[in-house]
Structures are given as structure tokens and as C-alpha cells.
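Asks: Got a structure for you, questions after.
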Amino acid sequence: MTQLDEAFLADWAIHSRFGAVAGTNGVDRQAASAADGEQRRWFAELLESRGFAVHRDRIGNQFGLLELVPGAPWVLTGSHMDSQPTAGRFDGAYGVMASAHACFRVADELRESGETPRCNLAVVNWFNEEGSRFKPSMMGSSVLTGKLPLAEALATPDPRGVTVAEALGELDELGEDDVFGAGSGREVASYAEIHVQQGRSMEEDGVTIGLVNATWAAHKFEFRVRGEQAHSGSTLMADRRDALLGAARLVVAARELVDEFEPGLLHTACGELNVYPNSPVVVASEVELLLDLRSPSSEVIARAHASLMATIDRVQREDRVDIEITAEHSWEQNPYPEAGVELAREVAVELGLTHDRVMTVAGHDSTNMKDEVPTVMLFVPSVDGVSHNLAEFTKDEDLIAGVGHLTGVVRRLAAGALLG
Ligand SMILES: [Zn+2]
């Protein structure tokens, strides 16, 4: 192991303590939580100690900027440090730390060689990629790419009614200006992100570097099921309008939808359920539930969507409940730019790392960025595919290989690769 690798692992070990869940190796570091704020302050100090200027934009994306060529466009690389409740320490956090170290290495190389790159270097810690405390997910990159209006994002409340603007303001993590894009005077030339796979195919296939060439389609629904509050003992069964029963039928319907398609073509889940009044001896009057559909095929999503709507009609009729969609968030199956996949392949060959093309099932901030600028998306393996779980794990050797690979990508991007 080189000194550079040891330096990465040392920072990684410190970093994994923010929001650590006692007695586990995992973290609980939801967007704009106290732990997220502490981590951001530590990360800012790390970046500044390496000569990067730290800025936050108006949705709380945290950037470390190293201007090497005044006025030149920027290579942006990063991921997100926020986590799901009681989640793994790797997820997006690995990507942010790998990006920082990749930029440190390339910056040091350039200082030593005296070469002038064609692009400047920027690291990003995107705000609220997870979407657990504030919906929707990928909030920071959605605002930067114009897919979500800033005002709407800032006004989004968490379950206690605290808005994004309030939570970020309290941490002093809300900037007053754009850092990139219109009016900022800075332009992103290209984007690179590395992430743990969150699936097990790379581990099974003995692949160290995943060259992400496409993203699965997804459709996420927020439903509100309305019935009528009643005594759970004395109310006649025929008189009930049980919102929880209606919601439960949607949970089951989501699972049964999967069997309408070939194995592996559709993943579904209900990840969150809020029951009101959620009290003993009361038939629930209202339930909010989140239901996700994901598939490598947009057509499968469309057919699953239609089937789900037919089930909703039936549940409304049979259980005498009202079901409305209160919010939706979807994206199509679409490819990553081929030039970025090829660049990543060349770097893997150069470094002698096993590699293969993989699709990403989960959404990432690169899903947004790839629609705007040339983008490279990389994976390293996840042991047993465990993710959004305290036990999530990736081996040190894979973490290190990923940093080395990303460094090769950033080096080429800084030299002008993918500039067109
Ligand atoms: Zn992530």
C-alpha cells in the first residue's frame, strides 16, 4: 500500500465517525442534521488544508474549488455525504472522499510537473441525495441542473415541519450565490462520480471497477389513503373504511406486480408508511405511503404503472377508501455518455484493474449531471450487495483501487479529455 493510499484510509476512518451509530460500523447522518453539519465543517477544513476554497451554493451543495487556470472550465467530481437513517458508512460518502483525494493527487502531480491543465478542479458534496428527511432525492443536483426549482426545494419541510432553508441556515451551510451555472462565472466541463455498487453482481463476477453505462428507470409515488376513524372493536365490519387496510393492499400489490414480469425486470417496494392516528382501538383514518417502481426498461415501468392504477381503482371500490397521489418523481431508463464509459475503460486497462459495464439500479447525482455535461460514473463492489443497512461493507483494497481509478479519470479530464 502506498503512502497516498494510507492517507486516504486515514481520512476515511476519521470521516466515518460522523453520525456513527454506537455498537455498529454504520452511520445515521441525514441531510442537514447535526451530524451532517459536523461532517461538512470537518470536510471544509480538510479541503482548505489542501489549498481548496470552500463555497456553498443556494441549495447547500458544498464545493471545494482549486483554480489552476483562471477562467478555464471545471472538472467537477463528488457524490453525497448524507445518509439514510441507520445506514452504511460507504454509500455516497466514499465517493466524496475518493473525489477529494483524487483531486489532491492530481493537484500535487501538476504542482510537481509544472504542467498547465486545461481545466480547474472542483470537489462536490451534493446536498440531500438520499431524500429521506426531505423529498425528493438528488435534491442538490436537481436544483443545479434546473430540474427542481430552488424556491420549491428550499421550502420543502421535513416530517416535523422544518424546511430545507431553515435546516441549512441553522448549520450555516446555505450559500448566497450560485457556485456553478448562470451568473456564477464558472462552467462545469465534465463530471465524475464513484459510488459503491449497492448490488452484488460485481462481487460475483470478480469485477473491481464498474463502468456505469446506463441507469434503470424509476417511478416513485407518494400516496395518501383516506378512510374514516372508528372504534376498532365496536364498529361493525361492514361499516368500516379502514385506511390501513387500503394501504396494506397497495404494499401487497407492489410485490405482486413483480410477478407480472420476467424475473429481474421489476423491483418494487414500499419504504415508508405513516399511519394516523396509529393508536390502539382505532381504525386508521389516514395513511401516507411511499411506493417505488424500478426497472431497466421504461416500458416495463409504464405497464407496471398502469397495472398499479387498476389495483388502486379496485381497492378504492372494495374497501371504500380514497387514494390520491400527493407527489411523484420519475426518471427514464437512459444511457451514460459512451465517451465517458470508454475513458473509464481505458483507465482501468492502464491500471490493470478488472472492469465491466454495469447499469445502476439506484439513482445518483450523476443521473442528473450526465444530462448536462460529459460524465463518468464508476462503481466499486459492495460485499453481498448489502446497502442502506448498518452492515454495508466494501473492502479496503476495493476502496483504494477506486481512488486510484478515479484519479486516472480526473487526471485525463483535467488535461481536456471529453472537452469536445
Ligand atoms: Zn448514494
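Labels for the C-alpha cells follow display order: chains A, B, ..., residues from 1 in each chain, ligands from 1.
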Please identify all polymer residues within 7 Å of stretch 153-168 of chain A, counting only C-alpha atoms, omitting same-chain residues fewer than 5 positions from it, and present them as a PyMOL selection string.
Replies: chain A and resi 32+59-60+133-134+148+173-174
Asks: With N, CA and C atoms retained, export the selected residues as a PDB file, in the first residue's frame.
Replies:
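Dumped everything to part_15.pdb:
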ATOM      1  N   ALA A  32     -28.668  17.715   6.391  1.00  0.00           N
ATOM      2  CA  ALA A  32     -28.778  18.903   7.242  1.00  0.00           C
ATOM      3  C   ALA A  32     -29.055  18.565   8.714  1.00  0.00           C
ATOM      4  N   ILE A  59     -28.503  26.005  -2.546  1.00  0.00           N
ATOM      5  CA  ILE A  59     -29.228  24.831  -2.049  1.00  0.00           C
ATOM      6  C   ILE A  59     -28.315  23.992  -1.151  1.00  0.00           C
ATOM      7  N   GLY A  60     -27.206  24.595  -0.721  1.00  0.00           N
ATOM      8  CA  GLY A  60     -26.369  23.913   0.262  1.00  0.00           C
ATOM      9  C   GLY A  60     -25.437  22.860  -0.303  1.00  0.00           C
ATOM     10  N   ARG A 133     -34.983  12.610   4.676  1.00  0.00           N
ATOM     11  CA  ARG A 133     -35.569  13.651   5.528  1.00  0.00           C
ATOM     12  C   ARG A 133     -36.390  14.642   4.696  1.00  0.00           C
ATOM     13  N   PHE A 134     -35.857  15.018   3.552  1.00  0.00           N
ATOM     14  CA  PHE A 134     -36.540  15.953   2.649  1.00  0.00           C
ATOM     15  C   PHE A 134     -36.698  15.273   1.291  1.00  0.00           C
ATOM     16  N   LEU A 148     -35.295  21.015 -10.655  1.00  0.00           N
ATOM     17  CA  LEU A 148     -36.144  21.315  -9.495  1.00  0.00           C
ATOM     18  C   LEU A 148     -35.948  22.795  -9.171  1.00  0.00           C
ATOM     19  N   GLU A 173     -24.927  26.513   6.437  1.00  0.00           N
ATOM     20  CA  GLU A 173     -24.474  25.805   5.232  1.00  0.00           C
ATOM     21  C   GLU A 173     -25.240  26.250   3.991  1.00  0.00           C
ATOM     22  N   LEU A 174     -25.903  27.389   4.083  1.00  0.00           N
ATOM     23  CA  LEU A 174     -26.654  27.890   2.942  1.00  0.00           C
ATOM     24  C   LEU A 174     -25.894  29.058   2.340  1.00  0.00           C
TER      25      LEU A 174
END
Asks: Counting only C-alpha atoms, what is within 12 Å of A:Phe43, bar same-chain residues fewer than 6 positions away, as a list in words?
Replies: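 Selected residues are Asp11, Trp12, Ile14, His15, Ser16, Phe18, Asp36, Gly37, Ser49, Arg50, Phe52, Ala53, Val54, His55, Gln62, Phe63, Gly64, His80, Met81, Ala93, Val96, Met97, Ala100, His101, Val123, Val124 and Asn125 of chain A.
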Asks: Based on the selection just made, write C-alpha atoms of those residues as a compact mmCIF listing (two decimals), in the first residue's frame.
Replies:
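Once everything was written out, this is part_9.txt:
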# COMPACT_ATOMS: atom_id res chain seq x y z
CA ASP A 11 -9.10 10.37 6.33
CA TRP A 12 -11.74 7.77 5.55
CA ILE A 14 -11.99 9.88 10.63
CA HIS A 15 -14.79 10.68 8.26
CA SER A 16 -16.74 7.52 9.13
CA PHE A 18 -19.56 11.48 11.94
CA ASP A 36 -24.15 16.27 8.60
CA GLY A 37 -23.17 19.77 9.76
CA SER A 49 -5.78 22.46 4.28
CA ARG A 50 -5.07 21.26 0.73
CA PHE A 52 -9.11 24.38 -1.97
CA ALA A 53 -11.53 27.29 -1.45
CA VAL A 54 -14.81 26.10 0.10
CA HIS A 55 -18.14 27.51 -1.16
CA GLN A 62 -20.69 22.12 -0.71
CA PHE A 63 -17.83 22.71 -3.16
CA GLY A 64 -14.05 22.72 -2.84
CA HIS A 80 -23.04 12.92 -1.26
CA MET A 81 -22.26 12.60 2.43
CA ALA A 93 -19.64 9.28 1.40
CA VAL A 96 -16.93 12.34 -1.85
CA MET A 97 -13.79 11.25 -0.04
CA ALA A 100 -11.30 14.79 -2.71
CA HIS A 101 -8.25 12.52 -2.65
CA VAL A 123 -14.97 18.56 -5.44
CA VAL A 124 -18.66 18.48 -4.57
CA ASN A 125 -20.65 17.14 -1.62
Asks: Can you pull out the residues contacting A:Gly352? Cut-off 12 Å, using only C-alpha atoms, and skip same-chain residues under 4 positions away; I want them as JSON, numbers by chain.
Replies: {"A": [207, 208, 209, 345, 346, 347, 348, 401, 404, 405]}
Asks: If you keep N, CA and C atoms, can you produce a file of those selected residues as a short mmCIF file (atom, residue, chain, number, x, y, z; two decimals), in the first residue's frame?
Replies:
data_model
loop_
_atom_site.label_atom_id
_atom_site.label_comp_id
_atom_site.auth_asym_id
_atom_site.auth_seq_id
_atom_site.Cartn_x
_atom_site.Cartn_y
_atom_site.Cartn_z
N VAL A 207 -15.33 -8.35 -10.50
CA VAL A 207 -15.05 -7.07 -11.17
C VAL A 207 -14.73 -6.00 -10.13
N THR A 208 -13.61 -5.31 -10.28
CA THR A 208 -13.23 -4.28 -9.32
C THR A 208 -13.81 -2.91 -9.67
N ILE A 209 -13.81 -2.57 -10.97
CA ILE A 209 -14.31 -1.26 -11.39
C ILE A 209 -15.52 -1.44 -12.30
N ARG A 345 -12.91 2.92 -19.18
CA ARG A 345 -12.36 1.61 -19.56
C ARG A 345 -10.86 1.71 -19.81
N GLU A 346 -10.46 2.76 -20.52
CA GLU A 346 -9.03 2.94 -20.82
C GLU A 346 -8.21 3.07 -19.54
N VAL A 347 -8.75 3.81 -18.57
CA VAL A 347 -8.03 3.99 -17.31
C VAL A 347 -7.90 2.64 -16.59
N ALA A 348 -8.98 1.84 -16.60
CA ALA A 348 -8.94 0.53 -15.94
C ALA A 348 -7.89 -0.37 -16.59
N ALA A 401 -8.49 0.82 -4.85
CA ALA A 401 -8.48 0.69 -6.32
C ALA A 401 -9.38 1.76 -6.94
N GLY A 404 -7.68 5.15 -6.92
CA GLY A 404 -6.64 5.16 -7.96
C GLY A 404 -7.25 5.33 -9.34
N HIS A 405 -8.36 4.62 -9.58
CA HIS A 405 -9.01 4.72 -10.88
C HIS A 405 -9.60 6.12 -11.09
#
Asks: What's the 8 Å shell around A:Asp5, counting only C-alpha atoms, without same-chain residues fewer than 4 positions away, as a PyMOL selection string?
Replies: chain A and resi 1+9+400
Asks: Assign secondary structure with DSSP using the backbone only, and return the residues of stretch 149-284 of chain A in strand (DSSP E or B) as a PyMOL selection string.
Replies: chain A and resi 157+163+181+186+188-196+209-215+217-226+230-231+267-276+282-283
Asks: Go ahead and write the residues just picked, C-alpha atoms, as a PDB file, in the first residue's frame.
Replies:
ATOM      1  CA  PRO A 157     -40.458  20.546   5.003  1.00  0.00           C
ATOM      2  CA  THR A 163     -37.809  23.443   5.944  1.00  0.00           C
ATOM      3  CA  GLY A 181     -24.040  27.859 -13.714  1.00  0.00           C
ATOM      4  CA  ARG A 186     -17.895  29.204 -13.602  1.00  0.00           C
ATOM      5  CA  VAL A 188     -18.630  22.677 -15.439  1.00  0.00           C
ATOM      6  CA  ALA A 189     -16.647  20.991 -18.226  1.00  0.00           C
ATOM      7  CA  SER A 190     -17.171  17.418 -17.082  1.00  0.00           C
ATOM      8  CA  TYR A 191     -18.351  15.408 -14.095  1.00  0.00           C
ATOM      9  CA  ALA A 192     -17.068  12.206 -12.470  1.00  0.00           C
ATOM     10  CA  GLU A 193     -18.589  10.206  -9.607  1.00  0.00           C
ATOM     11  CA  ILE A 194     -17.676   6.963  -7.889  1.00  0.00           C
ATOM     12  CA  HIS A 195     -20.010   5.002  -5.617  1.00  0.00           C
ATOM     13  CA  VAL A 196     -20.313   1.585  -4.053  1.00  0.00           C
ATOM     14  CA  ILE A 209     -14.311  -1.260 -11.389  1.00  0.00           C
ATOM     15  CA  GLY A 210     -17.852  -0.929 -12.710  1.00  0.00           C
ATOM     16  CA  LEU A 211     -18.171   1.240 -15.810  1.00  0.00           C
ATOM     17  CA  VAL A 212     -21.715   2.538 -15.416  1.00  0.00           C
ATOM     18  CA  ASN A 213     -23.275   2.754 -18.871  1.00  0.00           C
ATOM     19  CA  ALA A 214     -26.971   3.270 -18.092  1.00  0.00           C
ATOM     20  CA  THR A 215     -29.410   3.910 -15.303  1.00  0.00           C
ATOM     21  CA  ALA A 217     -35.854   3.833 -14.911  1.00  0.00           C
ATOM     22  CA  ALA A 218     -37.743   4.649 -11.728  1.00  0.00           C
ATOM     23  CA  HIS A 219     -41.130   5.961 -10.700  1.00  0.00           C
ATOM     24  CA  LYS A 220     -41.640   6.942  -7.069  1.00  0.00           C
ATOM     25  CA  PHE A 221     -45.120   7.673  -5.742  1.00  0.00           C
ATOM     26  CA  GLU A 222     -46.337   9.264  -2.543  1.00  0.00           C
ATOM     27  CA  PHE A 223     -49.894   8.102  -1.859  1.00  0.00           C
ATOM     28  CA  ARG A 224     -52.436   9.299   0.680  1.00  0.00           C
ATOM     29  CA  VAL A 225     -55.113   6.741   1.592  1.00  0.00           C
ATOM     30  CA  ARG A 226     -58.159   8.206   3.348  1.00  0.00           C
ATOM     31  CA  ALA A 230     -63.700   4.340  14.004  1.00  0.00           C
ATOM     32  CA  HIS A 231     -63.659   2.132  17.113  1.00  0.00           C
ATOM     33  CA  HIS A 267     -38.070  -4.066  -8.432  1.00  0.00           C
ATOM     34  CA  THR A 268     -40.750  -2.560  -6.178  1.00  0.00           C
ATOM     35  CA  ALA A 269     -41.038  -1.509  -2.558  1.00  0.00           C
ATOM     36  CA  CYS A 270     -42.983   0.476  -0.019  1.00  0.00           C
ATOM     37  CA  GLY A 271     -40.274   2.068   2.103  1.00  0.00           C
ATOM     38  CA  GLU A 272     -42.285   4.398   4.295  1.00  0.00           C
ATOM     39  CA  LEU A 273     -45.697   4.252   5.928  1.00  0.00           C
ATOM     40  CA  ASN A 274     -47.263   6.878   8.204  1.00  0.00           C
ATOM     41  CA  VAL A 275     -50.449   5.802   9.915  1.00  0.00           C
ATOM     42  CA  TYR A 276     -52.889   8.213  11.544  1.00  0.00           C
ATOM     43  CA  VAL A 282     -58.752   2.890  16.465  1.00  0.00           C
ATOM     44  CA  VAL A 283     -59.341   2.078  12.817  1.00  0.00           C
TER      45      VAL A 283
END
Asks: Around ligand 1, which protein and nucleic acid residues have at least one atom no more than 9 Å from it, if we count only C-alpha atoms and all ligand atoms? List them as a PyMOL selection string.
Replies: chain A and resi 79-83+90-93+95+129-130+195-196+198+362-365+388
Asks: Distance table requested - stretch 45-73 of chain A against stretch 109-118 of chain A, cut-off 9 Å, only C-alpha atoms: one row per qualifying residue with the closest atom pair and its distance in Å to one decimal, ordered by chain and rising residue number, as a tab-separated table.
Replies:
residue	atom	partner	partner_atom	distance
A:Leu68	CA	A:Pro117	CA	7.5
A:Val69	CA	A:Arg118	CA	7.3
A:Ala72	CA	A:Arg118	CA	6.8
A:Pro73	CA	A:Arg118	CA	7.8
Asks: I'd like the interatomic distance between atom CA of A:Glu176 and atom CA of A:Asn128, to a tenth of an Å.
Replies: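 According to the coordinates, atom CA of A:Glu176 and atom CA of A:Asn128 are separated by 18.0 Å.
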Asks: Would you mind telling me which residue in A:His305, A:Arg240, A:Arg17, A:Arg294 lies nearest to A:Asp319 when using only C-alpha atoms?
Replies: A:Arg240
Asks: Could you write out, as an MDAnalysis selection string, all the residues of stretch 150-184 of chain A that DSSP marks as alpha helix (DSSP H)?
Replies: chainID A and resid 150:154 164:170
Asks: Show which residues sit within 12 Å of A:Ala310, as JSON, numbers by chain. Count only C-alpha atoms, and ignore same-chain residues fewer than 4 positions away.
Replies: {"A": [250, 253, 257, 303, 304, 305, 306, 314, 315, 316, 317, 323]}
Asks: Which residue, A:Asp205, A:Asp259, A:Glu324, A:Glu38, has the smallest gap to A:Leu290 when you use only C-alpha atoms?
Replies: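 Once distances to A:Leu290 are computed over only C-alpha atoms, the minimum belongs to A:Glu324.
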Asks: Within 9 Å of A:Asp178, counting only C-alpha atoms, which residues qualify if same-chain residues fewer than 2 places away don't, as a ChimeraX atom specification?
Replies: /A:56-59,144,175-176,180-184
Asks: Separation of atom CA of A:Asp172 and atom CA of A:Gly146, in Å?
Replies: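 Calculated distance between atom CA of A:Asp172 and atom CA of A:Gly146 is 23.5 Å.
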